[in-house]
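*Asks:* After the structure tokens below, expect a handful of questions from me.
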Amino acid sequence: MKQVTLKGEFTVEGKGLHTGAHLKATFCPAPDNHGYKLQRTDIEGEPTIDALAENIVATQRGTVVGKGEVTVSTIEHAMAALYALGVDNCLIRVDGPEIPILDGSAKPFVDAIESVGLEEQKADKDFFYVKHKVEVVDPETGSKLMLLPDDEFSVDVKVNFDSDVLDNQYATLDHVSDFAEEIAPARTFVFVRDVEPLLNAGLIKGGDLDNAIVIYESPKTQEELDHIADQMGVPRHDASVFGYINEKPLFHSNEPARHKLMDLIGDIALIGRPLRGRVIATKPGHTINSQLSNAIRSEIKRQEVQAPPYNPNAEPLMDNNTIRGYLPHRYPFLLVDKVIDKSDNYIVGVKNVTTNEPFFQGHFPQEPVMPGVLLVEAMAQTGGLLVLSVVDEPERYSTYFMKIDNVKFRQKVVPGDTLIFHVSFMTPLRRGMAVMKGRAFVGEKVVCECEFMAQIIKNK
């Protein structure tokens, strides 16, 4: 799958939830591997902030990213829309300290993205595949987020509030393609009991009944409730009637839980890569969401590169017989057993290392170790399959080494190991010359890596 950006730019404008100021945000196409960036156009030099988890500086009533003294808040709804619709690269130019709240949901952003359309780019998507359980817990609040392996990105959310109006709710997103219809319209919500403290703290100057669900469930005198309504500039409400006090009805009975799910996706977007895994969240919130995003970011930076996913039960793209039709190598020098994944820019091959390999007789009889040069050769053969797959009549061509650079051996390979080779083009294929980067994995560990140049030559 290729990376995606916007086909054109679009602008949204409206009140800021926290500042109450009129704000404008323009979403622009961005080049390959750009990611999400936020640019403050109202500040001299127009500084830019990478929308990444390590740049989160606050999580009270929204997610705030910053760089030095420059911050942008309330980014989660826009991030959720971009992430769920598959946009990898976008520059957001905003003329103030927050993204406009609009109607309190992600729907205006989704509608705008769908209106301008998406454009496929040249670079491949760089997925983060969840290989093992990741868990973050807050014992004080009872919040817990758990990340599990899955074939695609999916989310389950359970919320629990001490409220007779809003108690236990559940929301799920099994397929991210359902986000626009099932999750995006969910609006942010607030309890009346929290409104006055938030107003006094200057946190919701732009809040009103058009951009938030307001829930009245703790008894107040009519005078107290009228005072809060006047502070917010909204119609007064009968203090004896509990429930949702918005004129606009809920779009779904569990709209608050769906909004929590949307916020979680917006915070997950700050890992900087599309995710393949299932998130199970109990009482999520921006603070614990950011802890999970930071845990994933730490894993991404620690690994440098992630091993390709391998399901031994899946049908290969190329089996051994197909490979023999592409490569001239035969026993004992054919070192790729099958190909499990391939695009125009990369290929993933597999080699099962057994104790019957002929080279183990001499390397070494008492401590069998696969020779490093054969690891490089196996990666080169895998790269040859990538190169030859783009030519007609591949059996009439061969690939030959011209140069090998930056070879590193990180761990020995022994009988019983399953080698996964990931080989990709470093530059476009030109005039029969291919420059490639290869990595060999055993499990999650890189055992060998190198860069090499090869030439395609027609057989005589």
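So you can find residues: chains in the structure tokens are A, B, ... in the order shown, residues in each start at 1, and ligands are numbered from 1 in order.
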Skip Asp417 in chain A itself and residues of its chain fewer than 3 positions away, then list as a PyMOL selection string all residues within 7 Å of it, counting only C-alpha atoms.

*Replies:* chain A and resi 352-353+413-414+442

*Asks:* Identify, on the basis of only C-alpha atoms, every residue whose closest approach to Asp263 in chain A does not exceed 12 Å; exclude the query and any residue fewer than 4 positions from it along the same chain; express the result as a ChimeraX atom specification.

*Replies:* /A:59,61-63,74-81,83-84,104-106,155,157,183-184,186-189,256-259,267-270,281,283-290

*Asks:* Taking only C-alpha atoms into account, name the residue in A:Asp111, A:Glu217, A:Asp156, A:Glu255 that is nearest to Val241 in chain A.

*Replies:* A:Glu217

*Asks:* Write out as a PyMOL selection string each polymer residue whose atoms come within 8 Å of range 131-142 of chain A, counting only C-alpha atoms; drop sequence neighbours fewer than 4 positions from it.

*Replies:* chain A and resi 146-149+282-283+288+291-292

*Asks:* Can you write out the residues you just picked, keeping N, CA and C atoms, as a PDB file, in the first residue's frame?

*Replies:*
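The file below, out_11.pdb, is the result:
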ATOM      1  N   MET A 146      -5.179  -1.479  26.361  1.00  0.00           N
ATOM      2  CA  MET A 146      -4.440  -2.675  25.992  1.00  0.00           C
ATOM      3  C   MET A 146      -4.373  -2.761  24.469  1.00  0.00           C
ATOM      4  N   LEU A 147      -3.187  -3.017  23.957  1.00  0.00           N
ATOM      5  CA  LEU A 147      -2.949  -3.124  22.524  1.00  0.00           C
ATOM      6  C   LEU A 147      -2.571  -4.557  22.202  1.00  0.00           C
ATOM      7  N   LEU A 148      -3.308  -5.178  21.274  1.00  0.00           N
ATOM      8  CA  LEU A 148      -3.121  -6.588  20.949  1.00  0.00           C
ATOM      9  C   LEU A 148      -2.891  -6.760  19.449  1.00  0.00           C
ATOM     10  N   PRO A 149      -2.216  -7.847  19.048  1.00  0.00           N
ATOM     11  CA  PRO A 149      -2.042  -8.115  17.613  1.00  0.00           C
ATOM     12  C   PRO A 149      -3.385  -8.286  16.907  1.00  0.00           C
ATOM     13  N   THR A 282     -10.512   0.807  28.443  1.00  0.00           N
ATOM     14  CA  THR A 282     -11.459   0.976  29.539  1.00  0.00           C
ATOM     15  C   THR A 282     -11.241   2.358  30.153  1.00  0.00           C
ATOM     16  N   LYS A 283     -12.270   3.180  30.108  1.00  0.00           N
ATOM     17  CA  LYS A 283     -12.212   4.550  30.628  1.00  0.00           C
ATOM     18  C   LYS A 283     -11.037   5.332  30.026  1.00  0.00           C
ATOM     19  N   ILE A 288      -4.125   9.068  29.470  1.00  0.00           N
ATOM     20  CA  ILE A 288      -3.692   7.678  29.308  1.00  0.00           C
ATOM     21  C   ILE A 288      -3.531   7.329  27.828  1.00  0.00           C
ATOM     22  N   GLN A 291      -0.100   8.179  26.965  1.00  0.00           N
ATOM     23  CA  GLN A 291       0.863   7.219  27.511  1.00  0.00           C
ATOM     24  C   GLN A 291       1.024   6.027  26.577  1.00  0.00           C
ATOM     25  N   LEU A 292      -0.097   5.542  26.016  1.00  0.00           N
ATOM     26  CA  LEU A 292      -0.010   4.442  25.056  1.00  0.00           C
ATOM     27  C   LEU A 292       0.718   4.876  23.793  1.00  0.00           C
TER      28      LEU A 292
END

*Asks:* Run DSSP on the backbone and tell me which residues of range 283-343 of chain A come out as strand (DSSP E or B); list them as a list in words.

*Replies:*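 In range 283-343 of chain A, DSSP puts these residues in strand (DSSP E or B): Met318, Lys338, Val339, Ile340, Asp341 and Lys342 of chain A.
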
*Asks:* Would you save the residues of that selection, restricted to N, CA and C atoms, as a compact mmCIF listing (two decimals), in the first residue's frame?

*Replies:*
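Printed below is out26.txt as written:
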# COMPACT_ATOMS: atom_id res chain seq x y z
N MET A 318 5.10 -16.37 -4.05
CA MET A 318 5.96 -17.20 -4.92
C MET A 318 6.41 -18.41 -4.10
N LYS A 338 10.61 -19.06 -0.32
CA LYS A 338 9.33 -18.52 -0.80
C LYS A 338 9.31 -17.01 -0.61
N VAL A 339 8.39 -16.36 -1.30
CA VAL A 339 8.16 -14.92 -1.17
C VAL A 339 6.76 -14.74 -0.61
N ILE A 340 6.65 -13.92 0.47
CA ILE A 340 5.35 -13.76 1.15
C ILE A 340 4.75 -12.38 0.95
N ASP A 341 5.50 -11.44 0.43
CA ASP A 341 4.96 -10.09 0.24
C ASP A 341 5.81 -9.38 -0.80
N LYS A 342 5.17 -8.52 -1.60
CA LYS A 342 5.91 -7.79 -2.63
C LYS A 342 5.09 -6.60 -3.09

*Asks:* Write out as a PyMOL selection string all residues of range 283-442 of chain A that DSSP puts in helix (DSSP H, G or I) for this structure's backbone.

*Replies:* chain A and resi 286-303+320-326+358-361+372-388+394-396

*Asks:* May I ask which of the residues A:Lys437, A:Arg430, A:Arg278, A:Arg324 is the closest one to Leu385 in chain A, counting only C-alpha atoms?

*Replies:*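 Looking at the shortest contact to Leu385 in chain A, the residue is A:Arg324.
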
*Asks:* Counting only C-alpha atoms, which of A:Gly45, A:Gly117, A:Gly16, A:Pro100 gets nearest to Val4 in chain A?

*Replies:* A:Gly117

*Asks:* Have a look at A:Val214, A:Ala454, A:Val12, A:Val72 and name the one nearest to Lys107 in chain A; count only C-alpha atoms.

*Replies:* A:Val12

*Asks:* Could you check the closest approach to Val70 in chain A for each of A:Glu393, A:Asp405, A:Glu98, A:Glu223 and tell me which residue wins, using only C-alpha atoms?

*Replies:* A:Glu98

*Asks:* Between CA of Ser143 in chain A and CA of Val130 in chain A, what is the spacing in Å?

*Replies:*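 Pair CA of Val130 in chain A / CA of Ser143 in chain A returns 20.9 Å.
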
*Asks:* Work out how far CA of Thr5 in chain A is from CA of Gly86 in chain A, in Å to one decimal.

*Replies:*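 Computed distance, CA of Gly86 in chain A to CA of Thr5 in chain A, equals 8.4 Å.
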
*Asks:* Would you list the contacts of Ile215 in chain A as a PDB file with C-alpha atoms, in the first residue's frame, taking every protein, DNA or RNA residue within 7 Å and counting only C-alpha atoms, but skipping same-chain residues closer than 2 positions in sequence?

*Replies:*
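Generated file (part39.pdb):
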ATOM      1  CA  VAL A 190     -19.407  17.772  29.270  1.00  0.00           C
ATOM      2  CA  PHE A 191     -21.308  17.488  32.563  1.00  0.00           C
ATOM      3  CA  VAL A 192     -23.005  20.586  33.931  1.00  0.00           C
ATOM      4  CA  ILE A 213     -23.314  17.643  24.378  1.00  0.00           C
ATOM      5  CA  GLU A 217     -27.519  15.000  36.117  1.00  0.00           C
ATOM      6  CA  GLY A 243     -30.734  14.555  30.920  1.00  0.00           C
ATOM      7  CA  TYR A 244     -29.169  15.921  27.736  1.00  0.00           C
ATOM      8  CA  ILE A 245     -30.039  19.606  27.426  1.00  0.00           C
TER       9      ILE A 245
END

*Asks:* Near Thr382 in chain A, counting only C-alpha atoms, which residues have an atom at most 9 Å away, once you skip same-chain residues fewer than 3 positions from it, shown as a PyMOL selection string?

*Replies:* chain A and resi 335-336+339+347-350+377-379+385-387+421-423+438

*Asks:* Let's have the selection written as an mmCIF file, in the first residue's frame, with C-alpha atoms.

*Replies:*
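Contents of again_7.cif, as written:
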data_model
loop_
_atom_site.group_PDB
_atom_site.id
_atom_site.type_symbol
_atom_site.label_atom_id
_atom_site.label_comp_id
_atom_site.auth_asym_id
_atom_site.auth_seq_id
_atom_site.Cartn_x
_atom_site.Cartn_y
_atom_site.Cartn_z
ATOM 1 C CA LEU A 335 18.768 -19.592 -0.739
ATOM 2 C CA VAL A 336 15.161 -18.337 -0.910
ATOM 3 C CA VAL A 339 8.156 -14.924 -1.174
ATOM 4 C CA ILE A 347 9.930 -7.738 -1.442
ATOM 5 C CA VAL A 348 9.831 -10.104 1.549
ATOM 6 C CA GLY A 349 11.385 -13.567 1.251
ATOM 7 C CA VAL A 350 11.772 -16.534 3.612
ATOM 8 C CA GLU A 377 23.798 -13.730 -1.048
ATOM 9 C CA ALA A 378 20.322 -14.738 0.135
ATOM 10 C CA MET A 379 19.293 -11.078 0.387
ATOM 11 C CA LEU A 385 13.340 -11.619 -7.561
ATOM 12 C CA LEU A 386 12.160 -8.038 -7.005
ATOM 13 C CA VAL A 387 14.119 -6.755 -10.008
ATOM 14 C CA PHE A 421 14.467 -11.016 4.169
ATOM 15 C CA HIS A 422 13.182 -7.507 3.474
ATOM 16 C CA VAL A 423 14.781 -5.942 0.395
ATOM 17 C CA GLY A 438 18.461 -5.533 2.488
#
